[in-house]
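Participant: Just one file: target_39.txt, with compact mmCIF, C-alpha atoms and all ligand atoms.
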```txt
# COMPACT_ATOMS: atom_id res chain seq x y z
CA MET A 1 104.17 112.13 132.14
CA ASN A 2 102.04 109.51 130.45
CA LEU A 3 101.76 110.16 126.73
CA ARG A 4 98.03 109.86 126.29
CA LEU A 5 95.42 112.56 125.69
CA ASN A 6 91.70 112.17 126.09
CA SER A 7 90.53 115.34 124.37
CA GLU A 8 91.40 118.07 121.90
CA PHE A 9 90.50 120.87 124.32
CA GLY A 10 91.45 120.01 127.95
CA THR A 11 93.49 122.86 129.47
CA LEU A 12 96.95 122.71 127.94
CA LYS A 13 99.81 121.73 130.25
CA ALA A 14 102.67 120.94 127.86
CA VAL A 15 103.18 121.28 124.13
CA LEU A 16 105.97 120.64 121.65
CA MET A 17 106.77 123.25 119.00
CA HIS A 18 109.57 124.02 116.61
CA ARG A 19 110.82 127.58 116.15
CA PRO A 20 111.50 127.80 112.41
CA GLY A 21 115.17 128.18 111.53
CA LYS A 22 117.60 127.92 108.65
CA GLU A 23 115.58 125.13 107.00
CA ILE A 24 113.17 127.87 105.84
CA ASP A 25 115.96 129.66 103.99
CA ARG A 26 116.39 126.54 101.90
CA LEU A 27 113.10 127.23 100.11
CA THR A 28 113.37 128.61 96.58
CA PRO A 29 110.80 129.24 93.83
CA TYR A 30 112.02 125.99 92.26
CA ASN A 31 111.81 123.59 95.18
CA LYS A 32 108.90 125.10 97.10
CA GLU A 33 106.29 122.80 95.59
CA PHE A 34 108.30 119.68 96.33
CA LEU A 35 108.79 121.02 99.86
CA LEU A 36 105.05 121.73 100.18
CA PHE A 37 105.14 125.52 100.48
CA ASP A 38 103.04 127.95 98.51
CA ASP A 39 105.54 130.75 98.77
CA VAL A 40 109.04 131.55 99.93
CA PRO A 41 108.73 132.98 103.46
CA TYR A 42 110.84 135.68 105.09
CA LEU A 43 112.55 133.82 107.93
CA GLU A 44 112.98 136.67 110.38
CA ALA A 45 109.33 137.67 110.20
CA LEU A 46 108.30 134.03 110.40
CA GLN A 47 110.33 133.62 113.58
CA GLN A 48 108.79 136.73 115.11
CA GLU A 49 105.31 135.42 114.40
CA HIS A 50 106.21 132.02 115.77
CA ASP A 51 107.67 133.58 118.92
CA ALA A 52 104.46 135.56 119.35
CA PHE A 53 102.58 132.24 119.17
CA SER A 54 104.72 130.33 121.66
CA ASN A 55 104.82 133.31 124.08
CA LEU A 56 101.06 133.62 123.92
CA ILE A 57 100.69 129.94 124.78
CA LYS A 58 102.98 130.36 127.80
CA GLU A 59 101.32 133.55 129.02
CA SER A 60 97.75 132.40 128.56
CA THR A 61 98.10 128.87 129.95
CA GLY A 62 101.36 128.64 131.90
CA ALA A 63 102.01 125.46 129.89
CA THR A 64 105.52 124.15 129.30
CA VAL A 65 106.55 124.78 125.71
CA TYR A 66 109.17 122.25 124.63
CA GLN A 67 111.33 123.26 121.69
CA LEU A 68 112.21 120.47 119.30
CA ARG A 69 115.76 121.73 118.82
CA GLU A 70 116.56 121.49 122.52
CA LEU A 71 115.10 118.01 122.86
CA LEU A 72 116.96 116.88 119.77
CA ILE A 73 120.36 118.16 120.95
CA ARG A 74 119.75 116.48 124.28
CA VAL A 75 119.26 113.01 122.78
CA LEU A 76 122.04 113.46 120.23
CA TYR A 77 124.66 113.77 122.97
CA ASP A 78 124.46 110.01 122.76
CA GLN A 79 126.96 109.63 119.91
CA LYS A 80 125.63 106.23 118.86
CA MET A 81 122.21 107.73 118.41
CA LEU A 82 123.63 110.66 116.49
CA LEU A 83 125.57 108.39 114.15
CA GLN A 84 122.52 106.25 113.51
CA LEU A 85 120.31 109.25 112.72
CA MET A 86 123.00 110.84 110.54
CA ARG A 87 123.38 107.62 108.56
CA GLU A 88 119.63 107.34 108.17
CA SER A 89 119.45 110.95 106.93
CA LEU A 90 122.21 110.39 104.36
CA LYS A 91 120.50 107.38 102.80
CA ARG A 92 118.42 109.27 100.26
CA SER A 93 121.45 110.97 98.68
CA GLY A 94 123.42 107.72 98.76
CA MET A 95 126.10 109.35 100.94
CA VAL A 96 125.87 107.18 104.08
CA HIS A 97 129.65 106.76 104.02
CA LEU A 98 130.04 110.44 105.02
CA ALA A 99 128.32 110.04 108.40
CA GLU A 100 131.51 109.54 110.48
CA ASP A 101 133.30 112.41 108.70
CA ILE A 102 130.41 114.75 109.46
CA LEU A 103 130.34 113.76 113.13
CA GLU A 104 134.05 114.39 113.41
CA ARG A 105 133.84 117.91 112.02
CA TYR A 106 130.65 119.33 113.50
CA SER A 107 129.59 119.74 117.13
CA THR A 108 126.49 117.98 118.41
CA ALA A 109 124.47 121.21 118.24
CA GLU A 110 125.67 121.79 114.68
CA CYS A 111 124.71 118.24 113.78
CA ALA A 112 121.21 118.92 115.14
CA GLY A 113 121.15 121.97 112.85
CA ILE A 114 122.20 119.84 109.88
CA LEU A 115 119.54 117.26 110.65
CA THR A 116 116.80 119.91 110.58
CA ALA A 117 118.11 122.40 107.99
CA GLY A 118 119.92 119.96 105.70
CA LEU A 119 123.42 120.14 104.27
CA LYS A 120 124.69 120.96 100.79
CA VAL A 121 127.71 119.55 99.02
CA HIS A 122 129.52 122.92 98.84
CA GLU A 123 128.91 123.53 102.55
CA LEU A 124 130.44 120.22 103.48
CA ARG A 125 133.31 120.83 101.10
CA ARG A 126 134.35 123.77 103.26
CA LYS A 127 135.07 121.27 106.02
CA ILE A 128 136.24 118.41 103.81
CA PRO A 129 138.09 119.91 100.81
CA LYS A 130 138.74 116.49 99.30
CA LEU A 131 135.09 115.47 99.60
CA ASN A 132 134.01 112.78 97.19
CA ALA A 133 130.36 113.56 96.49
CA GLY A 134 130.03 111.18 93.54
CA GLU A 135 127.54 112.46 90.99
CA LEU A 136 126.09 115.13 93.27
CA MET A 137 126.34 118.73 92.06
CA GLU A 138 127.81 121.40 94.34
CA PHE A 139 124.40 122.87 95.21
CA ALA A 140 122.68 119.52 95.76
CA PHE A 141 121.63 118.45 99.21
CA VAL A 142 123.62 115.71 100.89
CA ILE A 143 120.88 115.87 103.54
CA SER A 144 117.56 117.41 102.58
CA PRO A 145 116.05 120.22 104.71
CA CYS A 146 112.84 119.94 106.77
CA PRO A 147 111.07 123.30 106.26
CA ASN A 148 107.75 121.85 107.41
CA LEU A 149 109.13 121.03 110.83
CA TYR A 150 107.24 123.93 112.42
CA PHE A 151 104.08 121.93 111.66
CA GLN A 152 104.74 119.76 114.68
CA ARG A 153 101.28 118.21 114.57
CA ASP A 154 102.10 115.91 111.72
CA PRO A 155 105.13 113.73 112.55
CA MET A 156 103.22 111.95 115.34
CA ALA A 157 99.87 111.76 117.12
CA ILE A 158 98.96 111.21 120.76
CA THR A 159 95.63 109.45 121.33
CA PRO A 160 93.72 108.20 124.40
CA GLY A 161 95.33 104.77 123.83
CA GLY A 162 98.94 105.76 123.12
CA VAL A 163 101.24 107.16 120.47
CA ILE A 164 101.21 106.90 116.68
CA PHE A 165 104.55 107.66 115.06
CA SER A 166 103.84 108.93 111.59
CA SER A 167 105.13 107.48 108.40
CA MET A 168 104.97 110.54 106.19
CA ARG A 169 103.64 110.37 102.65
CA MET A 170 105.49 113.23 100.97
CA GLU A 171 109.17 112.83 100.33
CA GLY A 172 109.79 116.42 101.47
CA ARG A 173 108.63 115.52 105.00
CA GLN A 174 109.74 111.95 105.57
CA ARG A 175 112.79 112.76 107.68
CA GLU A 176 110.68 114.67 110.21
CA ALA A 177 109.13 111.49 111.55
CA ASP A 178 112.61 109.99 112.20
CA LEU A 179 113.60 113.06 114.22
CA LEU A 180 110.48 112.94 116.37
CA ARG A 181 110.69 109.23 116.94
CA THR A 182 114.33 109.45 117.97
CA ILE A 183 113.43 112.14 120.50
CA PHE A 184 110.46 110.37 122.01
CA GLU A 185 112.11 106.97 122.19
CA ASN A 186 115.24 108.33 123.87
CA HIS A 187 114.57 111.51 125.85
CA MET A 188 114.27 110.75 129.54
CA ASP A 189 111.11 112.84 129.93
CA PHE A 190 109.26 110.64 127.46
CA LYS A 191 110.86 107.30 126.72
CA ASP A 192 109.30 105.32 129.57
CA ASN A 193 105.86 106.80 129.05
CA ILE A 194 105.09 105.67 125.54
CA HIS A 195 102.66 103.02 124.54
CA GLN A 196 103.43 102.74 120.83
CA LEU A 197 100.45 101.90 118.65
CA TYR A 198 102.00 102.55 115.24
CA PRO A 199 104.05 101.48 113.36
CA VAL A 200 103.25 97.94 114.38
CA LEU A 201 106.44 96.29 115.64
CA GLY A 202 108.31 94.53 112.88
CA HIS A 203 106.71 96.51 110.03
CA ASP A 204 109.37 98.06 107.81
CA ASN A 205 108.07 100.71 105.38
CA PRO A 206 104.77 101.16 107.18
CA PRO A 207 101.93 102.68 105.10
CA SER A 208 101.62 106.42 105.53
CA ILE A 209 99.74 108.22 108.28
CA GLU A 210 100.21 111.83 109.50
CA GLY A 211 99.23 113.45 112.80
CA GLY A 212 97.02 116.11 111.18
CA ASP A 213 94.66 113.32 110.21
CA VAL A 214 94.11 112.10 113.77
CA ILE A 215 91.39 113.80 115.86
CA ILE A 216 90.21 112.70 119.31
CA LEU A 217 86.42 112.81 119.29
CA SER A 218 86.13 111.59 122.88
CA GLN A 219 87.89 109.29 125.35
CA LYS A 220 86.25 106.40 123.49
CA ALA A 221 86.39 107.54 119.87
CA VAL A 222 89.04 108.70 117.43
CA ALA A 223 88.60 109.91 113.84
CA ILE A 224 91.33 109.37 111.25
CA GLY A 225 91.28 111.01 107.82
CA ASN A 226 91.82 108.79 104.79
CA SER A 227 93.41 111.61 102.81
CA GLU A 228 96.14 112.78 100.48
CA ARG A 229 98.50 111.89 103.35
CA THR A 230 97.02 108.93 105.19
CA ASP A 231 96.57 105.51 103.69
CA GLU A 232 93.70 103.08 104.25
CA LYS A 233 96.09 100.32 105.37
CA ALA A 234 97.70 102.58 107.96
CA ILE A 235 94.27 103.38 109.38
CA TYR A 236 93.47 99.67 109.59
CA HIS A 237 96.64 98.92 111.57
CA ALA A 238 96.32 101.98 113.80
CA ALA A 239 92.65 101.16 114.46
CA LYS A 240 93.53 97.58 115.32
CA ALA A 241 96.20 98.66 117.80
CA LEU A 242 93.92 101.29 119.34
CA LEU A 243 90.99 98.91 119.73
CA ALA A 244 93.22 96.15 121.12
CA GLU A 245 94.63 98.57 123.71
CA GLY A 246 91.07 98.96 124.92
CA THR A 247 90.57 102.63 125.89
CA VAL A 248 89.18 103.60 122.51
CA GLU A 249 86.11 101.66 121.35
CA ARG A 250 85.38 103.29 118.00
CA VAL A 251 87.72 104.44 115.23
CA TYR A 252 86.16 106.36 112.35
CA GLU A 253 87.85 106.45 108.97
CA VAL A 254 86.83 109.66 107.20
CA HIS A 255 87.43 109.57 103.45
CA LEU A 256 88.48 112.95 102.09
CA PRO A 257 89.11 113.87 98.47
CA GLN A 258 92.84 113.65 97.79
CA LYS A 259 93.28 117.39 97.42
CA ARG A 260 95.85 119.76 98.75
CA GLN A 261 93.30 122.05 100.41
CA PHE A 262 91.95 119.12 102.47
CA MET A 263 95.37 117.51 102.98
CA HIS A 264 94.55 116.52 106.58
CA LEU A 265 91.34 115.97 108.53
CA ASP A 266 92.17 118.97 110.74
CA THR A 267 91.77 121.27 107.73
CA VAL A 268 88.11 120.23 107.77
CA PHE A 269 87.15 120.48 111.43
CA THR A 270 88.57 121.06 114.92
CA ILE A 271 86.99 120.45 118.34
CA LEU A 272 86.88 123.42 120.73
CA ASP A 273 84.91 122.11 123.69
CA GLU A 274 83.02 119.01 124.81
CA ASN A 275 80.17 119.98 122.49
CA LEU A 276 81.55 122.57 120.06
CA VAL A 277 83.06 121.87 116.66
CA LEU A 278 84.38 124.36 114.10
CA THR A 279 83.99 123.21 110.50
CA TYR A 280 84.46 124.42 106.96
CA PRO A 281 81.09 123.55 105.40
CA ASP A 282 82.36 122.83 101.87
CA ALA A 283 84.90 120.40 103.23
CA MET A 284 82.30 118.65 105.35
CA ASN A 285 80.25 118.21 102.18
CA ALA A 286 83.31 116.91 100.39
CA VAL A 287 83.64 113.95 102.78
CA LEU A 288 83.10 110.98 100.51
CA GLN A 289 82.27 108.31 103.04
CA THR A 290 82.87 107.34 106.65
CA SER A 291 83.62 103.85 107.96
CA LEU A 292 83.61 102.61 111.53
CA TYR A 293 86.08 100.15 113.06
CA THR A 294 85.15 98.27 116.23
CA LEU A 295 86.63 95.30 118.08
CA LYS A 296 85.16 91.91 117.18
CA GLU A 297 87.16 89.65 119.49
CA ILE A 298 90.61 88.88 120.82
CA LYS A 299 91.19 85.15 120.52
CA ASP A 300 94.45 83.30 121.14
CA ASP A 301 96.21 86.67 121.25
CA LYS A 302 94.88 87.52 117.79
CA VAL A 303 92.92 90.74 117.44
CA HIS A 304 89.94 90.75 115.08
CA ILE A 305 88.28 94.00 114.16
CA LYS A 306 85.20 94.84 112.12
CA ARG A 307 84.77 97.61 109.54
CA GLU A 308 81.37 98.92 108.49
CA VAL A 309 80.70 101.58 105.90
CA LEU A 310 78.29 104.08 107.46
CA LYS A 311 75.40 105.54 105.55
CA GLU A 312 75.13 108.81 107.49
CA SER A 313 76.93 112.08 106.85
CA LEU A 314 79.98 112.96 108.93
CA LEU A 315 77.89 115.58 110.70
CA THR A 316 75.31 113.01 111.82
CA ILE A 317 78.12 110.78 113.06
CA LEU A 318 79.68 113.65 115.03
CA GLU A 319 76.27 114.46 116.52
CA ARG A 320 75.94 110.89 117.72
CA GLU A 321 79.47 110.79 119.15
CA ILE A 322 79.36 114.24 120.79
CA PRO A 323 76.15 114.82 122.80
CA HIS A 324 74.48 118.26 122.43
CA LEU A 325 76.85 119.15 119.62
CA GLU A 326 76.94 122.75 118.42
CA ILE A 327 78.45 123.33 114.99
CA LEU A 328 80.11 126.57 114.06
CA HIS A 329 80.95 127.31 110.42
CA THR A 330 84.09 129.20 109.46
CA ALA A 331 83.28 132.83 108.49
CA ALA A 332 79.79 132.14 109.94
CA GLY A 333 79.04 130.26 106.74
CA ASN A 334 79.55 133.20 104.34
CA PRO A 335 80.76 131.20 101.31
CA ASP A 336 83.13 133.83 99.90
CA TYR A 337 84.90 134.58 103.15
CA ALA A 338 84.82 130.94 104.23
CA MET A 339 86.67 129.98 101.05
CA ARG A 340 89.31 132.66 101.54
CA GLU A 341 89.79 131.87 105.20
CA GLN A 342 89.93 128.14 104.59
CA TRP A 343 92.94 128.73 102.37
CA PHE A 344 94.66 130.11 105.47
CA ASP A 345 93.38 127.39 107.76
CA GLY A 346 90.33 129.13 109.20
CA ALA A 347 89.04 125.84 110.63
CA ASN A 348 92.43 124.94 112.07
CA VAL A 349 92.43 126.74 115.40
CA PHE A 350 94.34 125.47 118.44
CA ALA A 351 92.27 124.89 121.60
CA ILE A 352 94.28 125.74 124.74
CA GLY A 353 91.30 125.00 126.98
CA PRO A 354 87.53 124.55 126.67
CA ARG A 355 86.21 127.34 124.40
CA ARG A 356 89.62 129.07 124.44
CA VAL A 357 91.44 129.07 121.13
CA ILE A 358 94.41 130.56 119.35
CA SER A 359 93.63 131.62 115.78
CA TYR A 360 95.33 133.47 112.92
CA ASN A 361 94.50 137.20 113.05
CA ARG A 362 93.89 137.23 109.28
CA ASN A 363 90.77 135.03 109.61
CA ILE A 364 88.65 137.92 110.84
CA HIS A 365 85.25 136.55 109.89
CA THR A 366 85.88 133.21 111.53
CA ASN A 367 87.25 134.90 114.65
CA ARG A 368 84.16 137.07 114.88
CA ALA A 369 81.90 134.04 114.50
CA LEU A 370 83.83 132.26 117.26
CA ARG A 371 83.46 135.22 119.62
CA ASN A 372 79.75 135.44 118.90
CA MET A 373 79.54 131.83 120.06
CA GLY A 374 81.19 132.73 123.40
CA VAL A 375 84.62 131.39 122.47
CA GLU A 376 87.64 133.30 123.78
CA VAL A 377 89.83 133.96 120.73
CA LEU A 378 93.49 134.89 121.14
CA GLU A 379 94.99 136.03 117.87
CA ILE A 380 98.47 135.62 116.45
CA PRO A 381 100.09 137.40 113.50
CA SER A 382 99.94 135.25 110.39
CA SER A 383 101.42 136.88 107.30
CA GLU A 384 104.37 134.50 107.07
CA LEU A 385 103.31 131.50 109.17
CA SER A 386 100.37 130.85 106.87
CA ARG A 387 102.53 130.53 103.74
CA GLY A 388 103.24 126.93 104.59
CA LEU A 389 99.49 126.16 104.43
CA GLY A 390 99.06 125.10 108.01
CA GLY A 391 97.32 126.75 110.97
CA PRO A 392 97.69 126.94 114.76
CA ARG A 393 96.61 123.32 115.33
CA CYS A 394 99.12 122.14 112.72
CA MET A 395 101.94 123.97 114.49
CA THR A 396 101.45 122.33 117.88
CA MET A 397 101.91 118.86 119.34
CA PRO A 398 100.12 118.86 122.72
CA ILE A 399 101.90 116.52 125.10
CA SER A 400 99.77 117.01 128.20
CA ARG A 401 96.31 118.44 128.87
CA SER A 402 94.00 118.37 131.90
CA ARG A 403 91.76 115.35 131.63
CA VAL A 404 88.15 116.07 130.77
N1 LIG B 1 98.03 119.29 110.18
C1 LIG B 1 98.12 120.06 109.12
N2 LIG B 1 97.04 120.44 108.46
N3 LIG B 1 99.34 120.38 108.67
C2 LIG B 1 99.62 121.24 107.58
C3 LIG B 1 100.96 120.97 107.02
C4 LIG B 1 101.35 121.87 105.88
C5 LIG B 1 102.59 121.43 105.17
N4 LIG B 1 103.10 122.43 104.29
C6 LIG B 1 102.33 120.16 104.37
O1 LIG B 1 101.93 120.28 103.24
O2 LIG B 1 102.51 119.07 104.81
```
Go ahead and express the file in the form of structure tokens.

Facilitator:
Amino acid sequence: MNLRLNSEFGTLKAVLMHRPGKEIDRLTPYNKEFLLFDDVPYLEALQQEHDAFSNLIKESTGATVYQLRELLIRVLYDQKMLLQLMRESLKRSGMVHLAEDILERYSTAECAGILTAGLKVHELRRKIPKLNAGELMEFAFVISPCPNLYFQRDPMAITPGGVIFSSMRMEGRQREADLLRTIFENHMDFKDNIHQLYPVLGHDNPPSIEGGDVIILSQKAVAIGNSERTDEKAIYHAAKALLAEGTVERVYEVHLPQKRQFMHLDTVFTILDENLVLTYPDAMNAVLQTSLYTLKEIKDDKVHIKREVLKESLLTILEREIPHLEILHTAAGNPDYAMREQWFDGANVFAIGPRRVISYNRNIHTNRALRNMGVEVLEIPSSELSRGLGGPRCMTMPISRSRV
């Protein structure tokens, strides 16, 4: 399985998801903002909705649905790997010295649970009564939880030219990228099939980039949002690696206002077929500027790229990149409904094949508009899933699709 994708809509063959677990129960009214949630979800209902989503994917496409937890446990049977990841995860609380003690007292599967759901001082004290937790209070996290892990789109991105491992901007999500990278670099289904584009080898503390900002426009063109989450420097390095690899010839940097409602480029538009794009009109208008990166030359092994600021609107650029483009507006352009549905990711549908999408059932006006355009819309329940402010595209990391 070669980890490259050449479209956003080729028939889905394999996808990675994460069934939400105990990490969700870590959310409280006091930490929810830091952990990037707008509410405190009800875990059981969230799991039911998520199961409905993953079952629908399996039934409608026959695709393999990988579960992050299973992949993680698999790679963590390598105790060296587990120790390394545990140490890494304990760095922020300054408790790296506890890594060996934790490994001794918890099984590998439990350790995987700790790495996703976090660990509190008083929980660890049950296993280690004489625990020395320094200045940490009993209810503090020794390892912070990852409640956004069900938004599998963001910790990495797969492009026509290879894989981008994210470096995540918000502190509440940074550990997610380590988990994904450990899986993909070590699991036997993936490790020999990765051409890593980002981070560039040797870069410690790489500038931030998140998967939700990366959209494949075509085999030859990729768009990356310069957003609340993705940094200009990261786009430069990712563009350079992509252009040097050679499959992709154009990388567009789309400047978005640094606002929560446009946190990633995929909150603004998604691609549903070779010539059909779903957009939220206000967000398209909010695009501040678009720049284009192309390859200048490769000389003495040095890659030189060129950046031009484009004068046209994002829509004009998309029309040039995608021949015979049809644009569909969320809620068929009705501004009141479009605004409401955007809040629950109306534009963020997940294409499981050309003109076949999975969408939140609550976005009724957008779903109707999609059907009127001849798109097959499969709906999933969305009362709880949507409280994390991400939609069906955000919750999926496609690993393999039919080539288009
Ligand atoms: N690709 C996306 N739009 N992801 C949405 C992620 C939502 C998540 N709560 C965050 O703020 O990071």

Participant: Which one is closest to Phe184 in chain A: A:Val222, A:Met373, A:Leu90, A:Ile158? Count only C-alpha atoms.

Facilitator: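 Result for the nearest residue to Phe184 in chain A: A:Ile158.
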
Participant: Show me, as a PyMOL selection string, the residues that have an atom within 7 Å of Gly353 in chain A when counting all atoms listed in the file, minus same-chain residues fewer than 2 positions from it.

Facilitator: chain A and resi 9-12+351+355-356

Participant: Throw together the list of residues within 7 Å of ligand LIG 1 (chain B), counting all atoms listed in the file, and drop it here as a PyMOL selection string.

Facilitator: chain A and resi 36-37+148+151+153-154+211-213+263-264+266-267+388-391+393-394

Participant: Kindly export the residues of the current selection with C-alpha atoms, as a PDB file, in the frame of the given file.

Facilitator:
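So part.pdb came out as:
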```
ATOM      1  CA  LEU A  36     105.050 121.730 100.180  1.00  0.00           C
ATOM      2  CA  PHE A  37     105.140 125.520 100.480  1.00  0.00           C
ATOM      3  CA  ASN A 148     107.750 121.850 107.410  1.00  0.00           C
ATOM      4  CA  PHE A 151     104.080 121.930 111.660  1.00  0.00           C
ATOM      5  CA  ARG A 153     101.280 118.210 114.570  1.00  0.00           C
ATOM      6  CA  ASP A 154     102.100 115.910 111.720  1.00  0.00           C
ATOM      7  CA  GLY A 211      99.230 113.450 112.800  1.00  0.00           C
ATOM      8  CA  GLY A 212      97.020 116.110 111.180  1.00  0.00           C
ATOM      9  CA  ASP A 213      94.660 113.320 110.210  1.00  0.00           C
ATOM     10  CA  MET A 263      95.370 117.510 102.980  1.00  0.00           C
ATOM     11  CA  HIS A 264      94.550 116.520 106.580  1.00  0.00           C
ATOM     12  CA  ASP A 266      92.170 118.970 110.740  1.00  0.00           C
ATOM     13  CA  THR A 267      91.770 121.270 107.730  1.00  0.00           C
ATOM     14  CA  GLY A 388     103.240 126.930 104.590  1.00  0.00           C
ATOM     15  CA  LEU A 389      99.490 126.160 104.430  1.00  0.00           C
ATOM     16  CA  GLY A 390      99.060 125.100 108.010  1.00  0.00           C
ATOM     17  CA  GLY A 391      97.320 126.750 110.970  1.00  0.00           C
ATOM     18  CA  ARG A 393      96.610 123.320 115.330  1.00  0.00           C
ATOM     19  CA  CYS A 394      99.120 122.140 112.720  1.00  0.00           C
TER      20      CYS A 394
END
```

Participant: Which one is closest to Asn334 in chain A: A:Thr108, A:Asn6, A:Ser93, A:Thr366? Count all atoms listed in the file.

Facilitator: A:Thr366

Participant: Quick one: residues within 9 Å of Lys233 in chain A, only C-alpha atoms, excluding same-chain residues fewer than 4 positions away - as an MDAnalysis selection string?

Facilitator: chainID A and resid 206:208 237:238

Participant: Which is closer to Ile24 in chain A than all the others in A:Gly374, A:Gly225, A:Gly62, A:Pro147, using all atoms listed in the file?

Facilitator: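 Going through A:Gly374, A:Gly225, A:Gly62, A:Pro147 one by one, the smallest distance to Ile24 in chain A is for A:Pro147.
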
Participant: Got a sec: who's within 12 Å of Ser107 in chain A, counting all atoms listed in the file, leaving out chain neighbours fewer than 6 positions off, as a PyMOL selection string?

Facilitator: chain A and resi 73+76-77+79+82+101+113-114

Participant: Report, in Å with one decimal, the straight-line distance from CA of Arg74 in chain A to CA of Pro398 in chain A.

Facilitator: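 Between CA of Arg74 in chain A and CA of Pro398 in chain A the gap works out to 19.8 Å.
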
Participant: Find the residues of range 202-272 of chain A that sit at most 6 Å from range 167-176 of chain A; for each, write down the nearest two atoms and how far apart they are in Å, to one decimal. Count all atoms listed in the file. Sort by chain, then by number going up, and give it as CSV.

Facilitator:
```
residue,atom,partner,partner_atom,distance
A:Ser208,CA,A:Ser167,CA,4.7
A:Ile209,CA,A:Ser167,CA,5.4
A:Glu210,CA,A:Met168,CA,5.9
A:Arg229,CA,A:Arg169,CA,5.4
```

Participant: If we count all atoms listed in the file and set the cut-off at 10 Å, which residues sit around Leu71 in chain A, ignoring sequence neighbours fewer than 2 positions away in its own chain? Please answer as number ranges by chain.

Facilitator: A: 16, 66-69, 73-76, 112, 180, 182-184, 186-189

Participant: Near Arg4 in chain A, counting only C-alpha atoms, which residues have an atom at most 7 Å away, once you skip same-chain residues fewer than 6 positions from it, shown as a ChimeraX atom specification?

Facilitator: /A:158-162

Participant: Taking (76.1, 114.2, 110.3) as a centre in this file's frame and 12 Å as the limit, can you find every polymer residue with an atom that close, using only C-alpha atoms, and give them as an mmCIF file with C-alpha atoms, in the frame of the given file?

Facilitator:
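So result.cif came out as:
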```
data_model
loop_
_atom_site.group_PDB
_atom_site.id
_atom_site.type_symbol
_atom_site.label_atom_id
_atom_site.label_comp_id
_atom_site.auth_asym_id
_atom_site.auth_seq_id
_atom_site.Cartn_x
_atom_site.Cartn_y
_atom_site.Cartn_z
ATOM 1 C CA THR A 279 83.990 123.210 110.500
ATOM 2 C CA PRO A 281 81.090 123.550 105.400
ATOM 3 C CA MET A 284 82.300 118.650 105.350
ATOM 4 C CA ASN A 285 80.250 118.210 102.180
ATOM 5 C CA VAL A 287 83.640 113.950 102.780
ATOM 6 C CA GLN A 289 82.270 108.310 103.040
ATOM 7 C CA THR A 290 82.870 107.340 106.650
ATOM 8 C CA LEU A 310 78.290 104.080 107.460
ATOM 9 C CA LYS A 311 75.400 105.540 105.550
ATOM 10 C CA GLU A 312 75.130 108.810 107.490
ATOM 11 C CA SER A 313 76.930 112.080 106.850
ATOM 12 C CA LEU A 314 79.980 112.960 108.930
ATOM 13 C CA LEU A 315 77.890 115.580 110.700
ATOM 14 C CA THR A 316 75.310 113.010 111.820
ATOM 15 C CA ILE A 317 78.120 110.780 113.060
ATOM 16 C CA LEU A 318 79.680 113.650 115.030
ATOM 17 C CA GLU A 319 76.270 114.460 116.520
ATOM 18 C CA ARG A 320 75.940 110.890 117.720
ATOM 19 C CA GLU A 321 79.470 110.790 119.150
ATOM 20 C CA ILE A 322 79.360 114.240 120.790
ATOM 21 C CA LEU A 325 76.850 119.150 119.620
ATOM 22 C CA GLU A 326 76.940 122.750 118.420
ATOM 23 C CA ILE A 327 78.450 123.330 114.990
#
```

Participant: Report, in Å to a single decimal, how far apart CA of Gln152 in chain A and CA of Val404 in chain A are.

Facilitator: 23.4 Å

Participant: To one decimal place in Å, what is the distance between CA of Ala286 in chain A and CA of Leu217 in chain A?

Facilitator: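 For CA of Ala286 in chain A relative to CA of Leu217 in chain A, the distance reads 19.6 Å.
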
Participant: Using all atoms listed in the file, which residue out of A:Met395, A:Ala223, A:Ile143, A:His329 lies closest to Arg368 in chain A?

Facilitator: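 Among the listed residues, the smallest separation from Arg368 in chain A belongs to A:His329.
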
Participant: Which protein, DNA or RNA residues have an atom at most 12 Å from (124.7, 113.0, 92.5), counting only C-alpha atoms? List them as a PyMOL selection string.

Facilitator: chain A and resi 92-95+120-121+132-142

Participant: Kindly indicate which residue among A:Val163, A:Ile57, A:Met339, A:Ile216 lies nearest to Asn193 in chain A, using all atoms listed in the file for the distances.

Facilitator: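 Residue with the minimum atom-to-atom distance to Asn193 in chain A: A:Val163.
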
Participant: Taking into account only C-alpha atoms, which residue in the set A:Asp273, A:Asp192, A:Asp282, A:Asp231 is nearest to Asn2 in chain A?

Facilitator: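 Nearest to Asn2 in chain A: A:Asp192.
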
Participant: Around range 101-109 of chain A, fit a box with edges along x, y and z, padding it by 4 Å on each side, then list its centre and edge lengths in Å to one decimal as AutoDock Vina command-line options.

Facilitator:
```
--center_x 129.3 --center_y 116.8 --center_z 113.6 --size_x 17.6 --size_y 16.8 --size_z 17.7
```
